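The structure file protein27.cif is reproduced below (mmCIF, C-alpha atoms).
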data_structure
loop_
_atom_site.label_atom_id
_atom_site.label_comp_id
_atom_site.auth_asym_id
_atom_site.auth_seq_id
_atom_site.Cartn_x
_atom_site.Cartn_y
_atom_site.Cartn_z
CA MET E 1 66.44 114.52 -38.50
CA THR E 2 63.30 112.93 -37.13
CA ASP E 3 59.83 112.74 -38.64
CA LYS E 4 56.39 112.05 -37.18
CA PHE E 5 54.59 108.84 -38.12
CA CYS E 6 50.95 107.89 -37.40
CA VAL E 7 50.36 104.27 -36.38
CA GLN E 8 47.04 102.54 -35.62
CA VAL E 9 47.29 100.27 -32.56
CA PRO E 10 44.79 98.57 -30.20
CA LYS E 11 44.24 100.41 -26.93
CA VAL E 12 43.39 98.19 -23.96
CA TYR E 13 40.66 99.70 -21.78
CA ASP E 14 40.46 96.80 -19.33
CA TRP E 15 42.18 93.44 -18.91
CA VAL E 16 40.96 90.56 -16.76
CA THR E 17 42.22 87.02 -16.28
CA LYS E 18 39.57 84.72 -14.89
CA GLU E 19 39.18 81.01 -14.17
CA VAL E 20 35.81 79.35 -14.49
CA GLU E 21 34.55 75.83 -13.80
CA PHE E 22 31.44 74.20 -15.18
CA GLN E 23 30.21 70.70 -15.88
CA THR E 24 28.25 68.64 -18.36
CA CYS E 25 27.11 65.04 -18.45
CA LEU E 26 27.03 62.05 -20.77
CA SER E 27 24.44 59.31 -20.59
CA PHE E 28 25.47 55.68 -21.03
CA LEU E 29 22.31 55.10 -23.04
CA GLU E 30 23.00 54.66 -26.74
CA CYS E 31 20.13 55.01 -29.22
CA TYR E 32 19.83 53.12 -32.47
CA THR E 33 17.11 52.52 -35.06
CA ILE E 34 16.07 49.37 -36.91
CA THR E 35 13.87 49.91 -39.97
CA ASP E 36 11.37 47.30 -41.17
CA GLN E 37 10.01 47.41 -44.71
CA ILE E 38 6.55 45.84 -45.19
CA CYS E 39 4.54 45.76 -48.42
CA ASN E 40 1.50 43.71 -49.48
CA ASN E 41 -1.81 43.71 -51.34
CA PHE E 42 -5.16 43.88 -49.59
CA THR E 43 -8.62 42.68 -50.56
CA LEU E 44 -11.68 43.43 -48.45
CA GLU E 45 -15.43 43.42 -48.81
CA CYS E 46 -17.26 46.65 -49.38
CA SER E 47 -18.63 47.56 -45.94
CA SER E 48 -18.19 50.06 -43.17
CA ASP E 49 -16.09 47.58 -41.17
CA ILE E 50 -12.47 48.49 -40.42
CA THR E 51 -9.82 45.99 -41.55
CA SER E 52 -6.38 45.85 -39.94
CA LEU E 53 -3.34 45.92 -42.23
CA TRP E 54 -0.64 46.09 -39.55
CA VAL E 55 -0.45 46.36 -35.76
CA ALA E 56 2.61 46.64 -33.50
CA ASN E 57 3.48 43.89 -31.09
CA GLY E 58 3.00 44.38 -27.37
CA ASP E 59 6.38 46.00 -26.57
CA ASN E 60 6.78 49.66 -25.66
CA HIS E 61 9.47 50.61 -28.17
CA PRO E 62 8.73 53.96 -29.85
CA ARG E 63 8.19 53.78 -33.60
CA ALA E 64 7.92 56.28 -36.40
CA GLY E 65 6.87 55.35 -39.89
CA THR E 66 5.94 56.24 -43.45
CA ILE E 67 2.65 54.84 -44.81
CA SER E 68 1.85 54.47 -48.51
CA VAL E 69 -1.64 53.26 -49.55
CA SER E 70 -2.96 52.75 -53.08
CA PHE E 71 -6.69 52.28 -53.86
CA ASN E 72 -6.89 50.29 -57.09
CA GLU E 73 -10.59 49.36 -57.37
CA GLY E 74 -13.73 48.93 -55.26
CA CYS E 75 -16.92 50.50 -54.01
CA GLY E 76 -17.16 54.25 -53.71
CA ASP E 77 -14.63 56.86 -54.72
CA GLU E 78 -12.42 56.86 -51.61
CA LEU E 79 -10.72 54.45 -49.21
CA ALA E 80 -10.42 55.56 -45.56
CA VAL E 81 -7.06 54.98 -43.84
CA PHE E 82 -6.85 54.88 -40.02
CA VAL E 83 -3.56 55.37 -38.11
CA ASN E 84 -3.48 54.46 -34.41
CA GLY E 85 -7.26 54.06 -34.46
CA ASN E 86 -7.98 57.53 -35.86
CA LEU E 87 -8.89 58.57 -39.39
CA ALA E 88 -5.67 59.88 -40.91
CA PHE E 89 -6.49 60.42 -44.59
CA SER E 90 -8.50 59.15 -47.55
CA VAL E 91 -7.26 57.77 -50.88
CA GLY E 92 -9.12 58.40 -54.12
CA LYS E 93 -9.75 55.51 -56.51
CA GLY E 94 -6.75 54.96 -58.77
CA LYS E 95 -4.53 57.12 -56.57
CA THR E 96 -1.81 56.71 -53.92
CA ARG E 97 -1.34 58.70 -50.67
CA VAL E 98 1.78 58.82 -48.50
CA GLN E 99 2.02 60.08 -44.92
CA THR E 100 4.78 60.05 -42.30
CA VAL E 101 3.93 59.91 -38.58
CA GLU E 102 6.11 60.28 -35.49
CA SER E 103 4.28 57.56 -33.57
CA LEU E 104 2.95 54.44 -35.30
CA ARG E 105 1.04 51.63 -33.58
CA SER E 106 -1.48 50.42 -36.17
CA VAL E 107 -2.72 50.89 -39.74
CA GLU E 108 -6.29 50.07 -40.78
CA VAL E 109 -8.50 50.68 -43.83
CA SER E 110 -12.23 50.83 -44.52
CA CYS E 111 -14.10 50.66 -47.83
CA SER E 112 -17.51 52.25 -48.54
CA ASN E 113 -20.72 50.27 -48.18
CA GLY E 114 -21.85 48.48 -51.31
CA ARG E 115 -21.53 45.28 -53.23
CA GLY E 116 -18.26 43.86 -54.37
CA ILE E 117 -14.60 43.93 -53.35
CA CYS E 118 -12.07 46.68 -52.62
CA ARG E 119 -8.48 46.05 -53.73
CA GLY E 120 -5.29 47.95 -53.20
CA GLU E 121 -1.67 47.93 -52.05
CA TYR E 122 0.17 49.27 -49.04
CA ALA E 123 3.83 49.78 -48.06
CA LEU E 124 5.18 50.62 -44.60
CA SER E 125 8.62 51.85 -43.56
CA ILE E 126 8.66 51.34 -39.78
CA HIS E 127 11.52 52.88 -37.79
CA ASN E 128 11.89 51.05 -34.46
CA LYS E 129 13.83 53.04 -31.89
CA PHE E 130 15.87 51.17 -29.27
CA GLN E 131 18.23 52.04 -26.41
CA HIS E 132 20.92 50.05 -24.66
CA THR E 133 23.32 50.85 -21.83
CA CYS E 134 27.06 50.88 -22.54
CA LEU E 135 28.87 50.89 -19.17
CA PRO E 136 32.70 51.05 -18.94
CA ASP E 137 34.64 48.12 -17.55
CA PRO E 138 34.88 48.57 -13.74
CA SER E 139 38.69 48.38 -13.72
CA GLU E 140 39.18 50.92 -16.50
CA SER E 141 39.62 54.67 -16.09
CA ILE E 142 37.76 57.32 -18.09
CA GLU E 143 39.76 59.89 -20.05
CA CYS E 144 38.51 63.24 -21.31
CA TYR E 145 40.12 65.78 -23.64
CA LEU E 146 39.26 68.75 -25.82
CA SER E 147 38.22 67.68 -29.31
CA ASP E 148 36.93 69.06 -32.57
CA PRO E 149 33.35 68.21 -33.73
CA GLY E 150 34.77 65.10 -35.41
CA GLY E 151 36.13 63.70 -32.12
CA ASN E 152 39.82 64.39 -32.90
CA ARG E 153 42.09 65.63 -30.11
CA ILE E 154 43.11 69.29 -30.40
CA CYS E 155 45.35 71.60 -28.39
CA PRO E 156 43.20 73.82 -26.12
CA LEU E 157 45.50 76.82 -26.67
CA LEU E 158 45.10 76.87 -30.45
CA PRO E 159 43.03 79.78 -31.81
CA ASP E 160 39.32 78.90 -31.94
CA ALA E 161 39.89 75.51 -30.24
CA ILE E 162 37.31 76.77 -27.74
CA GLU E 163 34.94 79.43 -29.05
CA CYS E 164 35.08 82.30 -26.57
CA VAL E 165 33.07 85.33 -27.70
CA GLU E 166 30.84 88.08 -26.38
CA ILE E 167 27.11 87.57 -26.87
CA PRO E 168 25.58 90.82 -28.19
CA GLN E 169 22.76 92.22 -26.06
CA ALA E 170 19.57 93.61 -27.58
CA ASN E 171 19.92 96.99 -25.83
CA GLY E 172 23.70 97.07 -25.71
CA ARG E 173 25.93 96.63 -22.70
CA GLN E 174 24.38 97.68 -19.41
CA ASN E 175 26.24 100.09 -17.13
CA LYS E 176 26.74 99.18 -13.51
CA ASN E 177 28.32 101.35 -10.81
CA VAL E 178 30.74 99.61 -8.47
CA VAL E 179 32.11 101.07 -5.23
CA MET E 180 35.85 100.41 -5.03
CA PRO E 181 37.69 99.69 -1.71
CA ASN E 182 38.85 103.33 -1.57
CA GLY E 183 35.26 104.56 -1.87
CA GLN E 184 35.53 105.65 -5.49
CA ILE E 185 32.57 104.81 -7.73
CA VAL E 186 33.57 103.26 -11.05
CA THR E 187 31.19 102.52 -13.93
CA TYR E 188 31.64 99.12 -15.56
CA GLN E 189 29.73 97.40 -18.35
CA LYS E 190 28.07 94.02 -17.96
CA ILE E 191 28.93 91.59 -20.76
CA ASN E 192 28.01 87.98 -21.48
CA ILE E 193 30.79 85.63 -22.57
CA LEU E 194 30.04 82.36 -24.38
CA LYS E 195 32.42 79.40 -24.25
CA LYS E 196 31.60 76.60 -26.69
CA GLY E 197 33.38 73.43 -27.77
CA CYS E 198 33.47 69.65 -27.60
CA ILE E 199 34.85 67.17 -25.07
CA GLY E 200 35.97 63.72 -26.16
CA VAL E 201 35.49 60.89 -23.64
CA GLU E 202 37.23 57.51 -23.95
CA TYR E 203 36.75 54.32 -21.97
CA LYS E 204 36.88 50.58 -22.54
CA ARG E 205 33.88 48.27 -22.80
CA ASN E 206 34.66 44.54 -22.82
CA GLY E 207 38.22 45.43 -23.79
CA LYS E 208 37.12 47.56 -26.74
CA LEU E 209 37.84 51.28 -26.81
CA CYS E 210 34.66 53.41 -26.82
CA LYS E 211 34.72 57.08 -27.83
CA ARG E 212 31.91 59.52 -27.09
CA LEU E 213 31.55 63.20 -27.93
CA VAL E 214 30.08 65.70 -25.46
CA PRO E 215 29.36 69.20 -26.82
CA PHE E 216 29.41 71.96 -24.21
CA GLU E 217 28.14 75.52 -24.16
CA PHE E 218 28.48 77.80 -21.15
CA THR E 219 27.62 81.47 -20.65
CA GLU E 220 28.82 83.74 -17.85
CA GLU E 221 28.35 87.39 -16.89
CA LEU E 222 31.35 89.64 -16.35
CA LEU E 223 31.86 93.26 -15.31
CA ILE E 224 34.52 95.00 -17.36
CA CYS E 225 35.32 98.50 -18.56
CA ALA E 226 34.02 98.23 -22.13
CA PRO E 227 32.41 101.53 -23.19
CA THR E 228 30.67 102.02 -26.52
CA GLY E 229 33.07 101.58 -29.44
CA THR E 230 35.19 98.91 -27.78
CA ARG E 231 35.37 95.23 -28.70
CA VAL E 232 35.86 92.29 -26.35
CA LYS E 233 38.71 89.88 -27.04
CA CYS E 234 38.78 86.53 -25.24
CA ASP E 235 41.72 84.12 -25.30
CA ILE E 236 41.88 80.70 -23.63
CA ILE E 237 45.09 80.37 -21.63
CA ALA E 238 44.42 77.14 -19.68
CA PHE E 239 42.20 74.09 -19.95
CA ASP E 240 41.64 70.91 -17.97
CA CYS E 241 38.86 68.36 -17.62
CA MET E 242 38.03 65.39 -15.43
CA ALA E 243 35.44 62.66 -16.03
CA MET E 244 33.94 60.39 -13.41
CA ILE E 245 31.07 57.91 -13.13
CA LEU E 246 28.11 58.91 -10.96
CA GLU E 247 25.00 56.91 -10.21
CA ASN E 248 21.80 56.84 -8.23
CA ASP E 249 19.08 54.24 -7.75
CA SER E 250 17.78 54.52 -11.31
CA CYS E 251 20.56 55.90 -13.50
CA THR E 252 24.31 55.82 -14.18
CA TRP E 253 26.10 58.56 -16.11
CA ILE E 254 29.45 60.25 -16.74
CA GLU E 255 29.89 63.71 -15.24
CA VAL E 256 32.53 65.85 -16.99
CA PHE E 257 34.07 68.71 -14.97
CA ILE E 258 35.66 71.41 -17.14
CA HIS E 259 38.14 74.07 -16.00
CA VAL E 260 38.98 76.98 -18.30
CA GLY E 261 41.40 79.88 -17.79
CA GLN E 262 40.63 82.93 -19.89
CA CYS E 263 42.21 86.28 -20.69
CA ILE E 264 39.59 88.94 -21.49
CA GLN E 265 40.37 92.41 -22.83
CA SER E 266 38.27 95.33 -24.02
CA GLN E 267 40.00 97.07 -26.91
CA ALA E 268 39.55 99.84 -29.45
CA ASP E 269 41.80 100.97 -32.27
CA VAL E 270 43.49 104.35 -31.75
CA THR E 271 45.97 106.32 -33.83
CA VAL E 272 49.19 107.44 -32.14
CA ALA E 273 51.95 109.69 -33.44
CA LEU E 274 55.54 108.52 -33.11
CA GLU E 275 58.77 110.32 -33.79
CA GLY E 276 61.33 108.44 -35.82
CA LYS E 277 63.53 108.51 -38.85
CA PHE E 278 64.13 106.34 -41.86
CA CYS E 279 67.14 104.09 -41.60
CA SER E 280 69.08 101.91 -44.02
CA PRO E 281 71.10 98.73 -43.47
CA ARG E 282 74.76 99.02 -42.50
CA ILE E 283 77.63 97.54 -44.47
CA ASP E 284 78.31 93.85 -43.83
CA LEU E 285 81.53 93.85 -41.80
CA SER E 286 82.32 90.25 -42.68
CA SER E 287 83.12 91.29 -46.27
CA SER E 288 85.74 93.84 -45.16
CA ARG E 289 89.44 92.96 -45.07
CA CYS E 290 92.03 93.73 -42.41
#
Spell out the structure here as structure tokens.
Amino acid sequence: MTDKFCVQVPKVYDWVTKEVEFQTCLSFLECYTITDQICNNFTLECSSDITSLWVANGDNHPRAGTISVSFNEGCGDELAVFVNGNLAFSVGKGKTRVQTVESLRSVEVSCSNGRGICRGEYALSIHNKFQHTCLPDPSESIECYLSDPGGNRICPLLPDAIECVEIPQANGRQNKNVVMPNGQIVTYQKINILKKGCIGVEYKRNGKLCKRLVPFEFTEELLICAPTGTRVKCDIIAFDCMAMILENDSCTWIEVFIHVGQCIQSQADVTVALEGKFCSPRIDLSSSRC
């Protein structure tokens, strides 16, 4: 005797396998910051003259900084503080003001006109930004591989090793009619697929192994039968990358070429009825005797 059973299963509306190639680049310039801490007292005559507390040297290195100025005593109620030649803020007598700026070239102060002396303190945290070029050894090859955000090697075929998802559209998926080779008109939906991950790059510099991380993010359009109510499932089925050094008259960089194979399906859950019957295990024949 058979019975009917209802089972929920995914129905595949469309199924596409597609290969895609894209590229990203990695500069050989490495950035680092050196922070200088400067603090001192200042004493200046009460006048409208501007007195310099600190000025950068003549190089062109970018600098950011945090400025702290205290006005201990002097003429008037406020001390004017100038940053990069422009009035930045004022400090009340007996108070301290702190300000952080993205670009710092000079710090100056001015006390009000009068008789006597202005006294105070200042402290500077100056963040000097530098760059240097880290080129691989000419005889060494460059290796690339899929990695996690921490730079560790991972298998490209593991789930979520490469994020491959549909990007929702504000007005939903757009319909597009396509004329097939037999003349039939078929309506597809246009979807946007995002692939996101990290590439690890290794090379040697003066015999020492250097590791760099290159995040990538790539979006492509695809026509697929994915009507309202369906979901898009994307699986990575192949991955390869190649890194090579490119240069022109003014710059040298690593170009990373990425190849991804993907399996894309549009699915929706449906309920199907199956005929079957309950069964029970048979007797273990090995326990029987001849």
Report task. List, as a PyMOL selection string, every residue that the PyMOL selection byres ((chain E and resi 279) around 12) selects in the file provided. Result -> chain E and resi 1-3+276-278+280-282
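Counting all atoms listed in the file, the residue from E:Ala64, E:Leu146, E:Cys251, E:Leu124 that sits nearest to Leu213 of chain E is E:Leu146.
Residue nearest Phe216 of chain E, chosen from E:Cys6, E:Val232, E:Ala238, E:Ile258 and counting all atoms listed in the file: E:Ile258.
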Taking the file as I've supplied it (selection: the PyMOL selection byres ((chain E and resi 55) around 12)), which residues are included? Please answer as a short mmCIF file (atom, residue, chain, number, x, y, z; two decimals) with C-alpha atoms, keeping the file's coordinate frame.
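See part_28.cif below for the written result:
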data_model
loop_
_atom_site.label_atom_id
_atom_site.label_comp_id
_atom_site.auth_asym_id
_atom_site.auth_seq_id
_atom_site.Cartn_x
_atom_site.Cartn_y
_atom_site.Cartn_z
CA ILE E 38 6.55 45.84 -45.19
CA THR E 51 -9.82 45.99 -41.55
CA SER E 52 -6.38 45.85 -39.94
CA LEU E 53 -3.34 45.92 -42.23
CA TRP E 54 -0.64 46.09 -39.55
CA ALA E 56 2.61 46.64 -33.50
CA ASN E 57 3.48 43.89 -31.09
CA GLY E 58 3.00 44.38 -27.37
CA ASP E 59 6.38 46.00 -26.57
CA ARG E 63 8.19 53.78 -33.60
CA PHE E 82 -6.85 54.88 -40.02
CA VAL E 83 -3.56 55.37 -38.11
CA ASN E 84 -3.48 54.46 -34.41
CA GLY E 85 -7.26 54.06 -34.46
CA LEU E 104 2.95 54.44 -35.30
CA ARG E 105 1.04 51.63 -33.58
CA SER E 106 -1.48 50.42 -36.17
CA VAL E 107 -2.72 50.89 -39.74
CA GLU E 108 -6.29 50.07 -40.78
CA LEU E 124 5.18 50.62 -44.60
CA ILE E 126 8.66 51.34 -39.78
#
**Report entry** Counting all atoms listed in the file, the residue of E:Val201, E:Phe42, E:Asn60, E:Ser48 that sits nearest Ser103 of chain E
**Finding:** E:Asn60
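For the atom pair formed by atom CA of Asp235 of chain E and atom CA of Cys164 of chain E, the distance is 7.0 Å, given to one decimal.
Nearest to Asn86 of chain E of all the residues E:Thr66, E:Asn171, E:Ser147, E:Ser110 is E:Ser110, based on only C-alpha atoms.
Separating atom CA of Cys118 of chain E from atom CA of Leu87 of chain E is a distance of 18.1 Å.
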Dump of segment 214-238 of chain E from preceding block, N, CA, C and O atoms, as an mmCIF file, in the first residue's frame:
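To be explicit, this is the file written out as result_0.cif:
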data_model
loop_
_atom_site.group_PDB
_atom_site.id
_atom_site.type_symbol
_atom_site.label_atom_id
_atom_site.label_comp_id
_atom_site.auth_asym_id
_atom_site.auth_seq_id
_atom_site.Cartn_x
_atom_site.Cartn_y
_atom_site.Cartn_z
ATOM 1 N N VAL E 214 45.711 42.130 -1.465
ATOM 2 C CA VAL E 214 45.015 42.936 -2.474
ATOM 3 C C VAL E 214 43.524 42.586 -2.446
ATOM 4 O O VAL E 214 43.122 41.561 -2.987
ATOM 5 N N PRO E 215 42.689 43.396 -1.817
ATOM 6 C CA PRO E 215 41.244 43.142 -1.870
ATOM 7 C C PRO E 215 40.730 43.372 -3.298
ATOM 8 O O PRO E 215 41.215 44.240 -4.005
ATOM 9 N N PHE E 216 39.748 42.576 -3.705
ATOM 10 C CA PHE E 216 39.126 42.800 -5.007
ATOM 11 C C PHE E 216 37.612 42.778 -4.857
ATOM 12 O O PHE E 216 37.054 42.160 -3.955
ATOM 13 N N GLU E 217 36.969 43.503 -5.763
ATOM 14 C CA GLU E 217 35.513 43.586 -5.795
ATOM 15 C C GLU E 217 35.111 43.847 -7.233
ATOM 16 O O GLU E 217 35.537 44.832 -7.832
ATOM 17 N N PHE E 218 34.301 42.954 -7.798
ATOM 18 C CA PHE E 218 33.971 43.032 -9.219
ATOM 19 C C PHE E 218 32.485 42.746 -9.399
ATOM 20 O O PHE E 218 31.941 41.816 -8.805
ATOM 21 N N THR E 219 31.829 43.562 -10.220
ATOM 22 C CA THR E 219 30.401 43.401 -10.480
ATOM 23 C C THR E 219 30.177 43.174 -11.969
ATOM 24 O O THR E 219 30.812 43.828 -12.804
ATOM 25 N N GLU E 220 29.291 42.241 -12.291
ATOM 26 C CA GLU E 220 28.955 41.996 -13.694
ATOM 27 C C GLU E 220 27.448 41.841 -13.856
ATOM 28 O O GLU E 220 26.733 41.463 -12.919
ATOM 29 N N GLU E 221 26.962 42.173 -15.061
ATOM 30 C CA GLU E 221 25.553 42.001 -15.393
ATOM 31 C C GLU E 221 25.352 40.656 -16.072
ATOM 32 O O GLU E 221 26.211 40.178 -16.807
ATOM 33 N N LEU E 222 24.176 40.065 -15.830
ATOM 34 C CA LEU E 222 23.890 38.746 -16.393
ATOM 35 C C LEU E 222 22.402 38.662 -16.695
ATOM 36 O O LEU E 222 21.570 39.139 -15.920
ATOM 37 N N LEU E 223 22.063 38.057 -17.835
ATOM 38 C CA LEU E 223 20.667 37.792 -18.174
ATOM 39 C C LEU E 223 20.344 36.350 -17.807
ATOM 40 O O LEU E 223 21.039 35.414 -18.225
ATOM 41 N N ILE E 224 19.291 36.184 -17.006
ATOM 42 C CA ILE E 224 18.927 34.858 -16.534
ATOM 43 C C ILE E 224 17.429 34.839 -16.297
ATOM 44 O O ILE E 224 16.812 35.881 -16.027
ATOM 45 N N CYS E 225 16.810 33.688 -16.407
ATOM 46 C CA CYS E 225 15.394 33.562 -16.100
ATOM 47 C C CYS E 225 15.235 33.530 -14.583
ATOM 48 O O CYS E 225 15.485 32.514 -13.939
ATOM 49 N N ALA E 226 14.860 34.664 -14.006
ATOM 50 C CA ALA E 226 14.733 34.784 -12.549
ATOM 51 C C ALA E 226 13.521 35.641 -12.230
ATOM 52 O O ALA E 226 13.646 36.795 -11.810
ATOM 53 N N PRO E 227 12.308 35.118 -12.446
ATOM 54 C CA PRO E 227 11.097 35.909 -12.202
ATOM 55 C C PRO E 227 10.920 36.219 -10.717
ATOM 56 O O PRO E 227 11.638 35.694 -9.855
ATOM 57 N N THR E 228 9.967 37.077 -10.430
ATOM 58 C CA THR E 228 9.697 37.466 -9.049
ATOM 59 C C THR E 228 9.420 36.231 -8.198
ATOM 60 O O THR E 228 8.678 35.330 -8.608
ATOM 61 N N GLY E 229 10.023 36.197 -7.006
ATOM 62 C CA GLY E 229 9.847 35.060 -6.107
ATOM 63 C C GLY E 229 11.000 34.082 -6.136
ATOM 64 O O GLY E 229 11.074 33.193 -5.282
ATOM 65 N N THR E 230 11.910 34.253 -7.113
ATOM 66 C CA THR E 230 13.068 33.361 -7.171
ATOM 67 C C THR E 230 14.260 34.001 -6.460
ATOM 68 O O THR E 230 14.311 35.199 -6.249
ATOM 69 N N ARG E 231 15.210 33.195 -6.086
ATOM 70 C CA ARG E 231 16.469 33.656 -5.503
ATOM 71 C C ARG E 231 17.609 33.217 -6.411
ATOM 72 O O ARG E 231 17.488 32.219 -7.138
ATOM 73 N N VAL E 232 18.702 33.937 -6.349
ATOM 74 C CA VAL E 232 19.871 33.625 -7.178
ATOM 75 C C VAL E 232 20.939 32.987 -6.300
ATOM 76 O O VAL E 232 21.291 33.526 -5.253
ATOM 77 N N LYS E 233 21.410 31.843 -6.724
ATOM 78 C CA LYS E 233 22.448 31.108 -6.004
ATOM 79 C C LYS E 233 23.699 31.064 -6.876
ATOM 80 O O LYS E 233 23.638 30.680 -8.042
ATOM 81 N N CYS E 234 24.815 31.488 -6.303
ATOM 82 C CA CYS E 234 26.074 31.542 -7.059
ATOM 83 C C CYS E 234 27.133 30.715 -6.336
ATOM 84 O O CYS E 234 27.399 30.934 -5.154
ATOM 85 N N ASP E 235 27.727 29.774 -7.042
ATOM 86 C CA ASP E 235 28.805 28.946 -6.502
ATOM 87 C C ASP E 235 30.048 29.119 -7.360
ATOM 88 O O ASP E 235 29.967 29.156 -8.598
ATOM 89 N N ILE E 236 31.204 29.212 -6.710
ATOM 90 C CA ILE E 236 32.480 29.294 -7.419
ATOM 91 C C ILE E 236 32.977 27.882 -7.685
ATOM 92 O O ILE E 236 33.110 27.070 -6.757
ATOM 93 N N ILE E 237 33.235 27.571 -8.942
ATOM 94 C CA ILE E 237 33.657 26.218 -9.308
ATOM 95 C C ILE E 237 35.090 26.186 -9.851
ATOM 96 O O ILE E 237 35.635 25.102 -10.080
ATOM 97 N N ALA E 238 35.701 27.335 -10.054
ATOM 98 C CA ALA E 238 37.092 27.376 -10.535
ATOM 99 C C ALA E 238 37.686 28.726 -10.183
ATOM 100 O O ALA E 238 36.978 29.732 -10.121
#
